[in-house]
Structure formats: C-alpha cells, structure tokens
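Text of the file structure.cif, holding mmCIF, C-alpha atoms:
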data_entry
loop_
_atom_site.group_PDB
_atom_site.id
_atom_site.type_symbol
_atom_site.label_atom_id
_atom_site.label_comp_id
_atom_site.auth_asym_id
_atom_site.auth_seq_id
_atom_site.Cartn_x
_atom_site.Cartn_y
_atom_site.Cartn_z
ATOM 1 C CA MET B 957 -111.795 38.462 -53.834
ATOM 2 C CA LYS B 958 -112.054 36.012 -50.936
ATOM 3 C CA LYS B 959 -112.940 38.863 -48.522
ATOM 4 C CA SER B 960 -115.800 40.019 -50.720
ATOM 5 C CA ILE B 961 -117.092 36.444 -51.061
ATOM 6 C CA ASN B 962 -116.999 36.007 -47.281
ATOM 7 C CA LYS B 963 -118.849 39.305 -46.750
ATOM 8 C CA LEU B 964 -121.407 38.294 -49.350
ATOM 9 C CA LEU B 965 -121.889 34.885 -47.724
ATOM 10 C CA ILE B 966 -122.309 36.475 -44.294
ATOM 11 C CA ALA B 967 -124.808 39.038 -45.590
ATOM 12 C CA SER B 968 -126.647 36.351 -47.560
ATOM 13 C CA GLY B 969 -126.785 34.117 -44.504
ATOM 14 C CA LEU B 970 -128.284 36.888 -42.388
ATOM 15 C CA ALA B 971 -130.794 37.826 -45.095
ATOM 16 C CA LEU B 972 -131.711 34.165 -45.600
ATOM 17 C CA THR B 973 -132.144 33.684 -41.852
ATOM 18 C CA LEU B 974 -134.381 36.738 -41.660
ATOM 19 C CA CYS B 975 -136.448 35.605 -44.655
ATOM 20 C CA GLN B 976 -136.836 32.067 -43.314
ATOM 21 C CA VAL B 977 -137.849 33.322 -39.896
ATOM 22 C CA SER B 978 -140.041 36.231 -40.824
ATOM 23 C CA GLY B 979 -141.428 36.125 -44.321
ATOM 24 C CA PRO B 980 -142.590 39.528 -45.580
ATOM 25 C CA ILE B 981 -141.755 42.073 -42.897
ATOM 26 C CA SER B 982 -143.937 44.923 -44.191
ATOM 27 C CA ALA B 983 -147.196 43.016 -43.582
ATOM 28 C CA LYS B 984 -146.652 42.683 -39.815
ATOM 29 C CA THR B 985 -148.637 44.639 -37.233
ATOM 30 C CA THR B 986 -146.979 46.287 -34.228
ATOM 31 C CA GLU B 987 -147.694 43.280 -32.008
ATOM 32 C CA ASN B 988 -146.434 40.893 -34.670
ATOM 33 C CA SER B 989 -143.333 43.059 -35.082
ATOM 34 C CA GLN B 990 -142.502 42.431 -31.427
ATOM 35 C CA ASP B 991 -142.992 38.691 -31.988
ATOM 36 C CA LEU B 992 -140.816 38.869 -35.098
ATOM 37 C CA ARG B 993 -138.067 40.747 -33.251
ATOM 38 C CA GLN B 994 -138.060 38.123 -30.514
ATOM 39 C CA GLN B 995 -138.088 35.268 -33.024
ATOM 40 C CA VAL B 996 -135.164 36.706 -34.988
ATOM 41 C CA GLN B 997 -133.208 37.464 -31.799
ATOM 42 C CA ILE B 998 -133.627 33.911 -30.509
ATOM 43 C CA SER B 999 -132.838 32.292 -33.880
ATOM 44 C CA THR B 1000 -129.758 34.486 -34.343
ATOM 45 C CA SER B 1001 -128.544 33.614 -30.828
ATOM 46 C CA TYR B 1002 -128.804 29.909 -31.692
ATOM 47 C CA GLU B 1003 -126.985 30.433 -34.974
ATOM 48 C CA LEU B 1004 -124.132 32.316 -33.290
ATOM 49 C CA SER B 1005 -123.832 29.846 -30.398
ATOM 50 C CA PRO B 1006 -120.934 27.423 -30.895
ATOM 51 C CA ILE B 1007 -122.957 24.831 -28.963
ATOM 52 C CA LEU B 1008 -126.351 25.169 -30.662
ATOM 53 C CA ARG B 1009 -125.475 26.301 -34.181
ATOM 54 C CA LYS B 1010 -125.479 22.792 -35.658
ATOM 55 C CA ASP B 1011 -128.763 21.801 -34.036
ATOM 56 C CA LYS B 1012 -131.868 22.433 -36.095
ATOM 57 C CA ILE B 1013 -134.161 24.322 -33.720
ATOM 58 C CA LYS B 1014 -137.342 25.937 -35.017
ATOM 59 C CA VAL B 1015 -138.589 29.009 -33.178
ATOM 60 C CA SER B 1016 -142.054 30.521 -33.282
ATOM 61 C CA VAL B 1017 -143.350 33.402 -31.170
ATOM 62 C CA VAL B 1018 -146.976 34.427 -30.651
ATOM 63 C CA ASP B 1019 -147.826 37.193 -28.170
ATOM 64 C CA GLY B 1020 -144.556 36.711 -26.256
ATOM 65 C CA ASN B 1021 -145.026 32.934 -25.980
ATOM 66 C CA VAL B 1022 -142.179 31.008 -27.584
ATOM 67 C CA THR B 1023 -142.462 27.488 -28.978
ATOM 68 C CA LEU B 1024 -139.239 25.601 -29.635
ATOM 69 C CA ALA B 1025 -139.209 22.478 -31.811
ATOM 70 C CA GLY B 1026 -136.498 20.334 -33.294
ATOM 71 C CA LYS B 1027 -134.002 17.702 -32.286
ATOM 72 C CA VAL B 1028 -130.794 17.849 -30.256
ATOM 73 C CA GLY B 1029 -128.394 15.169 -29.109
ATOM 74 C CA ASP B 1030 -128.042 16.287 -25.495
ATOM 75 C CA GLY B 1031 -130.339 17.409 -22.679
ATOM 76 C CA ALA B 1032 -127.982 20.293 -21.885
ATOM 77 C CA ASN B 1033 -128.545 21.698 -25.381
ATOM 78 C CA LYS B 1034 -132.312 21.531 -24.871
ATOM 79 C CA GLU B 1035 -132.019 23.391 -21.573
ATOM 80 C CA LEU B 1036 -129.627 25.974 -23.054
ATOM 81 C CA ALA B 1037 -132.029 26.669 -25.927
ATOM 82 C CA GLU B 1038 -134.845 27.265 -23.431
ATOM 83 C CA GLN B 1039 -132.733 29.558 -21.245
ATOM 84 C CA ILE B 1040 -131.660 31.648 -24.245
ATOM 85 C CA ALA B 1041 -135.297 32.053 -25.300
ATOM 86 C CA MET B 1042 -136.358 33.028 -21.764
ATOM 87 C CA SER B 1043 -133.624 35.681 -21.609
ATOM 88 C CA VAL B 1044 -135.113 37.672 -24.508
ATOM 89 C CA LYS B 1045 -136.944 40.823 -23.428
ATOM 90 C CA GLY B 1046 -140.722 40.446 -23.563
ATOM 91 C CA VAL B 1047 -140.810 36.642 -23.604
ATOM 92 C CA GLU B 1048 -143.404 35.438 -21.117
ATOM 93 C CA ASP B 1049 -143.316 31.663 -21.564
ATOM 94 C CA VAL B 1050 -141.346 28.997 -23.448
ATOM 95 C CA ASP B 1051 -142.931 25.738 -24.607
ATOM 96 C CA ASN B 1052 -139.887 23.547 -25.171
ATOM 97 C CA LYS B 1053 -140.905 20.749 -27.564
ATOM 98 C CA ILE B 1054 -137.317 19.948 -28.530
ATOM 99 C CA THR B 1055 -136.675 16.211 -28.504
ATOM 100 C CA ILE B 1056 -133.471 14.587 -27.299
ATOM 101 C CA ASP B 1057 -132.082 11.861 -29.532
ATOM 102 C CA LYS B 1058 -128.750 10.391 -28.424
ATOM 103 C CA ASP B 1059 -128.212 9.110 -31.988
ATOM 104 C CA TYR B 1060 -128.876 12.523 -33.547
ATOM 105 C CA ASP B 1061 -126.001 13.435 -35.835
ATOM 106 C CA ASN B 1062 -125.781 17.202 -36.130
ATOM 107 C CA ALA B 1063 -122.420 17.163 -37.900
ATOM 108 C CA GLN B 1064 -122.366 19.131 -41.128
ATOM 109 C CA ASN B 1065 -120.325 18.717 -44.247
ATOM 110 C CA LYS B 1066 -117.127 20.736 -43.716
ATOM 111 C CA SER B 1067 -117.786 22.696 -46.914
ATOM 112 C CA ASP B 1068 -121.168 23.895 -45.579
ATOM 113 C CA TYR B 1069 -120.325 26.678 -43.138
ATOM 114 C CA SER B 1070 -123.116 28.096 -41.036
ATOM 115 C CA PHE B 1071 -123.581 31.819 -40.523
ATOM 116 C CA GLY B 1072 -122.067 31.585 -37.030
ATOM 117 C CA GLU B 1073 -119.006 29.730 -38.305
ATOM 118 C CA LEU B 1074 -118.448 32.384 -40.972
ATOM 119 C CA ILE B 1075 -118.596 35.076 -38.276
ATOM 120 C CA ASP B 1076 -116.105 33.134 -36.138
ATOM 121 C CA ASP B 1077 -113.755 32.689 -39.123
ATOM 122 C CA ALA B 1078 -113.950 36.377 -40.043
ATOM 123 C CA THR B 1079 -113.297 37.396 -36.425
ATOM 124 C CA ILE B 1080 -110.254 35.130 -36.105
ATOM 125 C CA THR B 1081 -108.899 36.326 -39.449
ATOM 126 C CA ALA B 1082 -109.282 39.978 -38.423
ATOM 127 C CA ARG B 1083 -107.524 39.364 -35.093
ATOM 128 C CA VAL B 1084 -104.589 37.596 -36.694
ATOM 129 C CA LYS B 1085 -104.206 40.292 -39.365
ATOM 130 C CA SER B 1086 -104.336 43.085 -36.793
ATOM 131 C CA LYS B 1087 -101.649 41.371 -34.697
ATOM 132 C CA LEU B 1088 -99.442 40.901 -37.760
ATOM 133 C CA LEU B 1089 -99.775 44.558 -38.712
#
Spell out the structure here as structure tokens.
Amino acid sequence: MKKSINKLLIASGLALTLCQVSGPISAKTTENSQDLRQQVQISTSYELSPILRKDKIKVSVVDGNVTLAGKVGDGANKELAEQIAMSVKGVEDVDNKITIDKDYDNAQNKSDYSFGELIDDATITARVKSKLL
C-alpha cells in the first residue's frame, strides 16, 4: 500500500510540476514547444537538486531566453540556478532576477515532501532492499 502511495505521489508531483510550468501542452507551437521543453527541464533540475529543491525559483523561457525569479538565501544558490539554466541545450541567455535574502527561510514542514525528496527516498529504499535480498 505504501509503495503504491509513493508511486502515486511521485507521478502526481511530476504531473503537477508539468501543469504548473506548462499549462495546456496541445496549444503550443513548435517554437513554444522548444521553450516548454527547456522550461520543464530547468524546473525539474531545480526540483531534483538537493541544494535548490527548497528554494522557490520561477522559470520562464521565451525564444531560448530564460528569466529566473524568486528568492534564495545564498549567492551560491543564485549562481548555481543560473549555471543549470545555461547548461540546457538551446538556451541563449539567462536573465537572473533571483534575489538573495540572508533571512530567507526555505525550510519546509517535514510532512511536506517535495518531488525530489520522494525520488531520493524511493532510490534509497530500493538500494537497501536490493542489498538485503
């Protein structure tokens, strides 16, 4: 039962991320599809990053130009977010509007797992079970 709930949560998290980032996919043109692919790739990279997953970074892509917005507690996180965006194929420029706030508290309630944390938990569980078998 717990396995199926975890799988459902992971799938729901991915679907929710895609819906939040993209909106209706079928209405996109070819050029917008490229922008959407880049936007989803960047957002997913942030969500899976153990460093950036708790920061709330908004990503928008128009014609290969990425705009990052949000708040982080450290300049290194701002720079990492920019470097990840620049590493995506087809990205031409990154406008990093992320603000640094030393008092920013990105800690989450322990009962609210992010998509990346669920992936980490599932990976660790699978490794331990395979070793035990």
### Task
Output the residue selection produced by the PyMOL selection byres ((chain B and resi 1054-1059) around 7) on the file above, formatted as a list in words.
Leu1024, Ala1025, Gly1026, Lys1027, Val1028, Gly1029, Asp1030, Gly1031, Lys1034, Asn1052, Lys1053, Tyr1060 and Asp1061 of chain B
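Take CA of Asp1049 (chain B) and CA of Lys1010 (chain B): the distance between them is 24.4 Å.
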### For Tyr1002 (chain B), the nearest of the candidates B:Ser989, B:Ser1086, B:Lys1014, B:Thr1023, counting only C-alpha atoms
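Using only C-alpha atoms, Tyr1002 (chain B) sits closest to B:Lys1014.
Between CA of Val1015 (chain B) and CA of Ala1032 (chain B) the interatomic distance comes to 17.8 Å.
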### Query
From the list B:Val1047, B:Val1018, B:Leu1089, B:Leu1036, which residue is nearest Ser1005 (chain B) when using only C-alpha atoms?
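Once distances to Ser1005 (chain B) are computed over only C-alpha atoms, the minimum belongs to B:Leu1036.
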### Query
In Å, how far is it from CA of Pro1006 (chain B) to CA of Gln994 (chain B)?
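Distance reported for this atom pair: 20.2 Å.
When only C-alpha atoms are used to measure the gap to Arg1009 (chain B), the shortest distance among B:Val1050, B:Val1084, B:Val1044, B:Ala1037 belongs to B:Ala1037.
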What box, with edges along x, y and z, holds each listed atom of region 1007-1012 of chain B when 5 Å is added on every side, and can you state its centre and edge lengths in Å to one decimal, as lines of an AutoDock Vina configuration file?
center_x = -127.4
center_y = 24.1
center_z = -32.5
size_x = 18.9
size_y = 14.5
size_z = 17.1
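Of the residues listed (B:Asn988, B:Thr1000, B:Thr1081, B:Asn1021), B:Asn1021 shows the shortest atom-to-atom separation from Met1042 (chain B); distances use all atoms listed in the file.
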